[in-house]
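Participant: TSV, N, CA and C atoms, file start_13.tsv:
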chain	number	residue	atom	x	y	z
A	23	MET	N	0.85	-1.16	0.00
A	23	MET	CA	0.00	0.00	0.00
A	23	MET	C	0.90	1.23	0.00
A	24	SER	N	0.71	2.14	-0.91
A	24	SER	CA	1.58	3.32	-0.95
A	24	SER	C	1.20	4.30	0.14
A	25	THR	N	2.14	5.19	0.48
A	25	THR	CA	1.90	6.13	1.56
A	25	THR	C	0.92	7.23	1.17
A	26	ASN	N	0.51	7.31	-0.11
A	26	ASN	CA	-0.42	8.35	-0.54
A	26	ASN	C	-1.88	7.92	-0.35
A	27	GLU	N	-2.11	6.65	-0.10
A	27	GLU	CA	-3.48	6.15	-0.01
A	27	GLU	C	-4.15	6.62	1.28
A	28	MET	N	-5.47	6.64	1.25
A	28	MET	CA	-6.25	7.07	2.40
A	28	MET	C	-6.83	5.85	3.11
A	29	ASN	N	-6.97	5.97	4.41
A	29	ASN	CA	-7.60	4.95	5.23
A	29	ASN	C	-8.90	5.54	5.72
A	30	ILE	N	-10.01	4.87	5.49
A	30	ILE	CA	-11.32	5.37	5.92
A	30	ILE	C	-11.90	4.41	6.95
A	31	ARG	N	-12.23	4.95	8.11
A	31	ARG	CA	-12.85	4.17	9.18
A	31	ARG	C	-14.26	4.67	9.40
A	32	GLU	N	-15.19	3.74	9.42
A	32	GLU	CA	-16.58	4.09	9.70
A	32	GLU	C	-16.76	4.19	11.21
A	33	GLU	N	-17.24	5.32	11.67
A	33	GLU	CA	-17.49	5.55	13.09
A	33	GLU	C	-18.99	5.69	13.30
A	34	GLN	N	-19.40	5.81	14.53
A	34	GLN	CA	-20.82	5.91	14.87
A	34	GLN	C	-21.48	7.13	14.22
A	35	ASN	N	-20.79	8.26	14.21
A	35	ASN	CA	-21.37	9.50	13.69
A	35	ASN	C	-20.89	9.86	12.30
A	36	GLY	N	-20.28	8.95	11.59
A	36	GLY	CA	-19.75	9.21	10.26
A	36	GLY	C	-18.44	8.48	10.07
A	37	SER	N	-17.63	8.96	9.14
A	37	SER	CA	-16.37	8.28	8.88
A	37	SER	C	-15.19	9.22	9.15
A	38	VAL	N	-14.06	8.62	9.45
A	38	VAL	CA	-12.81	9.35	9.68
A	38	VAL	C	-11.81	8.82	8.68
A	39	SER	N	-11.15	9.72	7.97
A	39	SER	CA	-10.14	9.27	7.01
A	39	SER	C	-8.85	10.05	7.24
A	40	PHE	N	-7.74	9.39	6.98
A	40	PHE	CA	-6.44	10.03	7.08
A	40	PHE	C	-5.50	9.37	6.09
A	41	ALA	N	-4.54	10.14	5.61
A	41	ALA	CA	-3.56	9.61	4.67
A	41	ALA	C	-2.59	8.70	5.40
A	42	ASN	N	-2.08	7.70	4.70
A	42	ASN	CA	-1.11	6.80	5.30
A	42	ASN	C	0.14	7.55	5.74
A	43	ASP	N	0.43	8.67	5.10
A	43	ASP	CA	1.57	9.51	5.51
A	43	ASP	C	1.40	9.98	6.95
A	44	VAL	N	0.16	10.11	7.41
A	44	VAL	CA	-0.10	10.53	8.79
A	44	VAL	C	0.43	9.47	9.74
A	45	VAL	N	0.13	8.22	9.48
A	45	VAL	CA	0.62	7.12	10.32
A	45	VAL	C	2.15	7.08	10.27
A	46	ALA	N	2.71	7.25	9.08
A	46	ALA	CA	4.17	7.23	8.92
A	46	ALA	C	4.83	8.37	9.69
A	47	THR	N	4.24	9.54	9.66
A	47	THR	CA	4.79	10.69	10.38
A	47	THR	C	4.74	10.47	11.89
A	48	ILE	N	3.62	9.97	12.38
A	48	ILE	CA	3.48	9.69	13.81
A	48	ILE	C	4.53	8.67	14.24
A	49	ALA	N	4.69	7.61	13.46
A	49	ALA	CA	5.68	6.57	13.79
A	49	ALA	C	7.09	7.13	13.73
A	50	GLY	N	7.38	7.96	12.75
A	50	GLY	CA	8.71	8.56	12.63
A	50	GLY	C	9.04	9.46	13.80
A	51	LEU	N	8.09	10.30	14.20
A	51	LEU	CA	8.32	11.17	15.35
A	51	LEU	C	8.50	10.38	16.63
A	52	ALA	N	7.70	9.33	16.81
A	52	ALA	CA	7.83	8.49	18.01
A	52	ALA	C	9.18	7.78	18.03
A	53	THR	N	9.73	7.51	16.87
A	53	THR	CA	11.02	6.83	16.78
A	53	THR	C	12.18	7.75	17.11
A	54	VAL	N	12.21	8.94	16.50
A	54	VAL	CA	13.37	9.84	16.71
A	54	VAL	C	13.40	10.44	18.11
A	55	GLU	N	12.30	10.32	18.86
A	55	GLU	CA	12.29	10.80	20.24
A	55	GLU	C	13.10	9.90	21.17
A	56	ILE	N	13.39	8.69	20.73
A	56	ILE	CA	14.11	7.72	21.58
A	56	ILE	C	15.60	8.07	21.59
A	57	GLU	N	16.16	8.17	22.78
A	57	GLU	CA	17.58	8.47	22.92
A	57	GLU	C	18.42	7.35	22.32
A	58	GLY	N	19.39	7.73	21.51
A	58	GLY	CA	20.25	6.75	20.84
A	58	GLY	C	19.92	6.57	19.38
A	59	VAL	N	18.75	7.08	18.95
A	59	VAL	CA	18.39	7.05	17.54
A	59	VAL	C	19.02	8.29	16.90
A	60	ALA	N	19.94	8.07	15.96
A	60	ALA	CA	20.59	9.18	15.28
A	60	ALA	C	19.65	9.82	14.27
A	61	GLY	N	18.76	9.04	13.70
A	61	GLY	CA	17.79	9.56	12.74
A	61	GLY	C	17.19	8.44	11.93
A	62	MET	N	16.33	8.82	11.01
A	62	MET	CA	15.69	7.87	10.12
A	62	MET	C	16.62	7.63	8.94
A	63	SER	N	16.53	6.46	8.35
A	63	SER	CA	17.35	6.12	7.21
A	63	SER	C	16.49	6.12	5.96
A	64	GLY	N	16.99	6.77	4.93
A	64	GLY	CA	16.26	6.84	3.66
A	64	GLY	C	16.75	5.82	2.67
A	65	GLY	N	17.45	4.81	3.11
A	65	GLY	CA	17.98	3.79	2.21
A	65	GLY	C	19.49	3.93	2.10
A	66	PHE	N	20.03	3.28	1.09
A	66	PHE	CA	21.48	3.29	0.93
A	66	PHE	C	21.87	4.14	-0.26
A	67	SER	N	22.87	4.97	-0.06
A	67	SER	CA	23.40	5.83	-1.11
A	67	SER	C	24.90	5.59	-1.17
A	68	GLY	N	25.37	4.98	-2.23
A	68	GLY	CA	26.79	4.70	-2.36
A	68	GLY	C	27.30	3.75	-1.30
A	69	GLY	N	26.45	2.82	-0.83
A	69	GLY	CA	26.86	1.84	0.16
A	69	GLY	C	26.73	2.32	1.60
A	70	LEU	N	26.35	3.59	1.81
A	70	LEU	CA	26.20	4.13	3.15
A	70	LEU	C	24.73	4.43	3.41
A	71	ALA	N	24.31	4.24	4.63
A	71	ALA	CA	22.93	4.56	4.99
A	71	ALA	C	22.75	6.07	4.94
A	72	GLU	N	21.72	6.53	4.26
A	72	GLU	CA	21.43	7.96	4.16
A	72	GLU	C	20.65	8.39	5.40
A	73	LEU	N	21.23	9.30	6.17
A	73	LEU	CA	20.61	9.78	7.39
A	73	LEU	C	19.69	10.95	7.06
A	74	LEU	N	18.41	10.82	7.43
A	74	LEU	CA	17.43	11.86	7.14
A	74	LEU	C	17.15	12.69	8.38
A	75	GLY	N	16.87	13.95	8.18
A	75	GLY	CA	16.49	14.81	9.30
A	75	GLY	C	15.02	14.67	9.61
A	76	ARG	N	14.52	15.54	10.48
A	76	ARG	CA	13.12	15.47	10.90
A	76	ARG	C	12.15	15.83	9.78
A	77	LYS	N	12.62	16.51	8.73
A	77	LYS	CA	11.72	16.92	7.65
A	77	LYS	C	11.32	15.74	6.76
A	78	ASN	N	12.10	14.66	6.77
A	78	ASN	CA	11.85	13.53	5.89
A	78	ASN	C	11.51	12.26	6.67
A	79	LEU	N	10.79	12.38	7.74
A	79	LEU	CA	10.50	11.21	8.59
A	79	LEU	C	9.77	10.10	7.85
A	80	THR	N	8.88	10.43	6.96
A	80	THR	CA	8.08	9.40	6.30
A	80	THR	C	8.91	8.54	5.35
A	81	LYS	N	10.06	9.02	4.90
A	81	LYS	CA	10.90	8.22	4.00
A	81	LYS	C	11.60	7.10	4.75
A	82	GLY	N	11.68	7.18	6.05
A	82	GLY	CA	12.28	6.12	6.84
A	82	GLY	C	11.25	5.21	7.48
A	83	VAL	N	9.99	5.30	7.02
A	83	VAL	CA	8.91	4.50	7.60
A	83	VAL	C	8.07	3.91	6.48
A	84	LYS	N	7.74	2.64	6.62
A	84	LYS	CA	6.82	1.98	5.69
A	84	LYS	C	5.62	1.51	6.50
A	85	VAL	N	4.42	1.83	6.05
A	85	VAL	CA	3.22	1.39	6.77
A	85	VAL	C	2.31	0.59	5.85
A	86	GLU	N	1.66	-0.39	6.43
A	86	GLU	CA	0.60	-1.14	5.76
A	86	GLU	C	-0.62	-1.01	6.65
A	87	VAL	N	-1.65	-0.36	6.13
A	87	VAL	CA	-2.82	-0.05	6.94
A	87	VAL	C	-4.04	-0.78	6.43
A	88	GLY	N	-4.74	-1.44	7.36
A	88	GLY	CA	-6.01	-2.07	7.05
A	88	GLY	C	-7.12	-1.21	7.63
A	89	LYS	N	-8.31	-1.77	7.76
A	89	LYS	CA	-9.43	-1.00	8.29
A	89	LYS	C	-9.29	-0.70	9.77
A	90	GLU	N	-8.73	-1.64	10.54
A	90	GLU	CA	-8.64	-1.44	11.98
A	90	GLU	C	-7.25	-1.68	12.55
A	91	GLU	N	-6.31	-2.10	11.72
A	91	GLU	CA	-4.97	-2.40	12.23
A	91	GLU	C	-3.92	-2.00	11.22
A	92	CYS	N	-2.66	-1.95	11.68
A	92	CYS	CA	-1.57	-1.59	10.79
A	92	CYS	C	-0.29	-2.28	11.20
A	93	ALA	N	0.62	-2.39	10.25
A	93	ALA	CA	1.96	-2.91	10.48
A	93	ALA	C	2.92	-1.81	10.05
A	94	ILE	N	3.97	-1.63	10.84
A	94	ILE	CA	4.89	-0.52	10.61
A	94	ILE	C	6.32	-1.04	10.57
A	95	ASP	N	7.10	-0.55	9.61
A	95	ASP	CA	8.53	-0.83	9.53
A	95	ASP	C	9.24	0.51	9.63
A	96	VAL	N	10.20	0.62	10.55
A	96	VAL	CA	11.00	1.84	10.67
A	96	VAL	C	12.45	1.50	10.34
A	97	PHE	N	13.08	2.35	9.57
A	97	PHE	CA	14.46	2.17	9.13
A	97	PHE	C	15.28	3.28	9.76
A	98	ILE	N	16.23	2.89	10.64
A	98	ILE	CA	16.92	3.90	11.44
A	98	ILE	C	18.44	3.75	11.40
A	99	VAL	N	19.09	4.81	11.85
A	99	VAL	CA	20.52	4.82	12.12
A	99	VAL	C	20.65	5.09	13.61
A	100	VAL	N	21.48	4.28	14.29
A	100	VAL	CA	21.65	4.43	15.74
A	100	VAL	C	23.02	5.02	16.04
A	101	ASP	N	23.13	5.60	17.23
A	101	ASP	CA	24.43	6.09	17.70
A	101	ASP	C	25.26	4.91	18.16
A	102	TYR	N	26.56	5.01	17.93
A	102	TYR	CA	27.47	3.95	18.36
A	102	TYR	C	27.41	3.79	19.88
A	103	GLY	N	27.38	2.55	20.33
A	103	GLY	CA	27.41	2.26	21.76
A	103	GLY	C	26.06	1.97	22.38
A	104	VAL	N	24.97	2.20	21.67
A	104	VAL	CA	23.65	1.91	22.25
A	104	VAL	C	23.40	0.41	22.22
A	105	GLU	N	22.59	-0.04	23.16
A	105	GLU	CA	22.20	-1.45	23.19
A	105	GLU	C	21.02	-1.62	22.24
A	106	ILE	N	21.28	-2.22	21.10
A	106	ILE	CA	20.29	-2.31	20.04
A	106	ILE	C	19.02	-3.05	20.48
A	107	PRO	N	19.10	-4.16	21.20
A	107	PRO	CA	17.84	-4.80	21.63
A	107	PRO	C	16.98	-3.90	22.52
A	108	LYS	N	17.63	-3.14	23.42
A	108	LYS	CA	16.87	-2.24	24.31
A	108	LYS	C	16.26	-1.08	23.54
A	109	ILE	N	17.04	-0.47	22.64
A	109	ILE	CA	16.52	0.67	21.88
A	109	ILE	C	15.40	0.22	20.95
A	110	SER	N	15.51	-0.99	20.40
A	110	SER	CA	14.46	-1.52	19.52
A	110	SER	C	13.16	-1.71	20.29
A	111	ALA	N	13.24	-2.25	21.51
A	111	ALA	CA	12.05	-2.44	22.34
A	111	ALA	C	11.41	-1.10	22.68
A	112	LYS	N	12.22	-0.09	22.98
A	112	LYS	CA	11.69	1.25	23.28
A	112	LYS	C	10.99	1.84	22.06
A	113	ILE	N	11.59	1.66	20.89
A	113	ILE	CA	10.98	2.17	19.65
A	113	ILE	C	9.64	1.49	19.41
A	114	GLN	N	9.60	0.17	19.55
A	114	GLN	CA	8.36	-0.56	19.32
A	114	GLN	C	7.25	-0.10	20.27
A	115	ALA	N	7.58	0.09	21.53
A	115	ALA	CA	6.58	0.54	22.50
A	115	ALA	C	6.13	1.97	22.21
A	116	SER	N	7.07	2.84	21.86
A	116	SER	CA	6.75	4.24	21.59
A	116	SER	C	5.88	4.39	20.34
A	117	VAL	N	6.23	3.67	19.29
A	117	VAL	CA	5.46	3.74	18.04
A	117	VAL	C	4.06	3.19	18.25
A	118	LYS	N	3.96	2.05	18.92
A	118	LYS	CA	2.65	1.43	19.17
A	118	LYS	C	1.75	2.38	19.96
A	119	LYS	N	2.28	2.95	21.03
A	119	LYS	CA	1.48	3.85	21.86
A	119	LYS	C	1.04	5.09	21.07
A	120	ALA	N	1.97	5.71	20.35
A	120	ALA	CA	1.65	6.94	19.62
A	120	ALA	C	0.62	6.70	18.52
A	121	VAL	N	0.82	5.67	17.71
A	121	VAL	CA	-0.09	5.40	16.60
A	121	VAL	C	-1.47	4.99	17.12
A	122	GLU	N	-1.52	4.11	18.11
A	122	GLU	CA	-2.82	3.66	18.63
A	122	GLU	C	-3.57	4.80	19.30
A	123	THR	N	-2.86	5.64	20.04
A	123	THR	CA	-3.51	6.77	20.72
A	123	THR	C	-4.05	7.79	19.73
A	124	MET	N	-3.25	8.12	18.72
A	124	MET	CA	-3.63	9.20	17.81
A	124	MET	C	-4.59	8.78	16.70
A	125	THR	N	-4.54	7.51	16.27
A	125	THR	CA	-5.37	7.10	15.13
A	125	THR	C	-6.48	6.14	15.50
A	126	GLY	N	-6.35	5.42	16.60
A	126	GLY	CA	-7.33	4.40	16.94
A	126	GLY	C	-7.07	3.07	16.24
A	127	LEU	N	-6.05	3.02	15.37
A	127	LEU	CA	-5.68	1.77	14.72
A	127	LEU	C	-4.92	0.89	15.70
A	128	ARG	N	-5.07	-0.42	15.58
A	128	ARG	CA	-4.31	-1.36	16.40
A	128	ARG	C	-3.03	-1.70	15.66
A	129	VAL	N	-1.89	-1.49	16.32
A	129	VAL	CA	-0.60	-1.80	15.71
A	129	VAL	C	-0.30	-3.27	16.00
A	130	ILE	N	-0.27	-4.08	14.93
A	130	ILE	CA	-0.05	-5.51	15.12
A	130	ILE	C	1.44	-5.86	15.14
A	131	GLU	N	2.25	-5.04	14.48
A	131	GLU	CA	3.70	-5.24	14.55
A	131	GLU	C	4.44	-3.97	14.19
A	132	THR	N	5.58	-3.79	14.84
A	132	THR	CA	6.49	-2.70	14.52
A	132	THR	C	7.86	-3.33	14.33
A	133	ASN	N	8.34	-3.34	13.10
A	133	ASN	CA	9.64	-3.92	12.78
A	133	ASN	C	10.68	-2.82	12.71
A	134	VAL	N	11.78	-3.02	13.43
A	134	VAL	CA	12.86	-2.03	13.48
A	134	VAL	C	14.02	-2.56	12.64
A	135	HIS	N	14.42	-1.78	11.64
A	135	HIS	CA	15.51	-2.15	10.75
A	135	HIS	C	16.68	-1.19	11.00
A	136	ILE	N	17.78	-1.71	11.52
A	136	ILE	CA	18.97	-0.89	11.77
A	136	ILE	C	19.74	-0.82	10.46
A	137	GLN	N	19.83	0.38	9.90
A	137	GLN	CA	20.48	0.58	8.61
A	137	GLN	C	21.92	1.08	8.73
A	138	GLY	N	22.29	1.55	9.91
A	138	GLY	CA	23.64	2.05	10.07
A	138	GLY	C	23.90	2.48	11.50
A	139	VAL	N	25.17	2.81	11.75
A	139	VAL	CA	25.60	3.28	13.06
A	139	VAL	C	26.34	4.60	12.86
A	140	ARG	N	25.94	5.61	13.61
A	140	ARG	CA	26.63	6.91	13.55
A	140	ARG	C	27.71	6.90	14.61
A	141	ILE	N	28.93	7.14	14.18
A	141	ILE	CA	30.05	7.18	15.10
A	141	ILE	C	30.45	8.63	15.30
A	142	LEU	N	30.41	9.05	16.55
A	142	LEU	CA	30.81	10.40	16.90
A	142	LEU	C	32.28	10.37	17.27
A	143	LYS	N	33.05	11.26	16.65
A	143	LYS	CA	34.49	11.35	16.96
A	143	LYS	C	34.72	12.55	17.83
A	144	GLU	N	35.63	12.42	18.76
A	144	GLU	CA	35.94	13.54	19.64
A	144	GLU	C	37.09	14.33	19.04
A	145	ASP	N	36.89	15.62	18.91
A	145	ASP	CA	37.92	16.52	18.40
A	145	ASP	C	38.91	16.74	19.53
A	146	SER	N	40.13	16.19	19.41
A	146	SER	CA	41.10	16.20	20.51
A	146	SER	C	41.56	17.60	20.89
A	147	GLU	N	41.57	18.56	19.97
A	147	GLU	CA	42.04	19.91	20.29
A	147	GLU	C	41.02	20.71	21.10
A	148	GLU	N	39.77	20.59	20.75
A	148	GLU	CA	38.75	21.40	21.40
A	148	GLU	C	37.95	20.61	22.43
A	149	GLY	N	38.06	19.27	22.41
A	149	GLY	CA	37.30	18.44	23.35
A	149	GLY	C	35.82	18.38	23.02
A	150	LYS	N	35.46	18.73	21.78
A	150	LYS	CA	34.06	18.71	21.36
A	150	LYS	C	33.81	17.47	20.54
A	151	ARG	N	32.57	17.01	20.58
A	151	ARG	CA	32.19	15.86	19.77
A	151	ARG	C	31.71	16.37	18.43
A	152	VAL	N	32.20	15.75	17.36
A	152	VAL	CA	31.79	16.11	16.01
A	152	VAL	C	31.33	14.86	15.29
A	153	HIS	N	30.58	15.04	14.22
A	153	HIS	CA	30.07	13.91	13.43
A	153	HIS	C	31.08	13.56	12.38
Take the structure from the file and write it as structure tokens.

Facilitator:
Amino acid sequence: MSTNEMNIREEQNGSVSFANDVVATIAGLATVEIEGVAGMSGGFSGGLAELLGRKNLTKGVKVEVGKEECAIDVFIVVDYGVEIPKISAKIQASVKKAVETMTGLRVIETNVHIQGVRILKEDSEEGKRVH
């Protein structure tokens, strides 16, 4: 299902519809809020994971939406040194809570795809961390 499609839910007083990009944006924001997530990944460019900023959150998220449930895949880059199983569990819980609260859809699965690791180097002269 492409991210441009609409999801229509029949409610008691009428119907509610939202673009799949809405679900992708909610999931992306819930993901980047987790400490240790360097950002969303937009795929591979020249063999390296392309790190996306907050403006392109939907490019790092794939959603499949049904009438009452959805499945979400998030593609991320993590900071070096984070415990990947712990950060993945936090992302899954955060995405599930945000999407279910804001849309009413039941999240049946949230798959976390680690596309790269951001290594921060310390600038020895100034003592500052740089990318």

Participant: Could you state the separation of atom N of A:Val134 and atom C of A:Val117 in Å, given to one decimal place?

Facilitator: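 Atom C of A:Val117 lies at a distance of 11.0 Å from atom N of A:Val134.
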
Participant: Which of these residues is nearest to A:Glu90, using all atoms listed in the file: A:Val129, A:Val139, A:Ala60, A:Ile113?

Facilitator: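 Residue with the minimum atom-to-atom distance to A:Glu90: A:Val129.
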
Participant: Take atom C of A:Val45 and atom CA of A:Glu57 and report the distance between them in Å, one decimal.

Facilitator: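 Distance between the two atoms: 20.0 Å.
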
Participant: A:Glu91: which residues within 6 Å, counting only N, CA and C atoms, same-chain residues fewer than 2 positions away excluded, as a list of chain:residue names?

Facilitator: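 Contacts, in chain order: A:Glu86, A:Val87, A:Gly88, A:Lys89, A:Ala93, A:Leu127, A:Arg128, A:Val129, A:Ile130.
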
Participant: Go through A:Thr80, A:Thr132, A:Thr125, A:Ser39 and flag the residue nearest A:Asp95, using all atoms listed in the file for the distances.

Facilitator: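 Among the listed residues, A:Thr132 lies closest to A:Asp95.
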
Participant: Using only N, CA and C atoms, which protein or nucleic acid residues come within 6 Å of A:Val100? Drop anything in the same chain fewer than 6 positions from it, and give the result as number ranges by chain.

Facilitator: A: 58-61, 138-140

Participant: For a quick check of understanding, using only N, CA and C atoms, which of A:Leu142, A:Ala41, A:Met62, A:Ala46 has the smallest distance to A:Val85?

Facilitator: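 Result for the nearest residue to A:Val85: A:Ala46.
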
Participant: Interatomic distance between atom CA of A:Ala49 and atom CA of A:Gln114?

Facilitator: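 Here the two named atoms are 9.4 Å from each other.
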
Participant: Identify all residues of stretch 48-144 of chain A in helix (DSSP H, G or I) (DSSP on the backbone) and supply them as number ranges by chain.

Facilitator: A: 48-54, 76-82, 106-125

Participant: Compare A:Lys112, A:Leu51, A:Phe40, A:Ile136 by their minimum atom-to-atom distance to A:Ile98, counting only C-alpha atoms, and give me the closest one.

Facilitator: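 Using only C-alpha atoms, the shortest distance to A:Ile98 belongs to A:Ile136.
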
Participant: Which residue is closest to A:Phe97? Choose from A:Ala115, A:Gly36, A:Asn133, A:Ile141 and count all atoms listed in the file.

Facilitator: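 The answer is A:Asn133, which sits nearest to A:Phe97.
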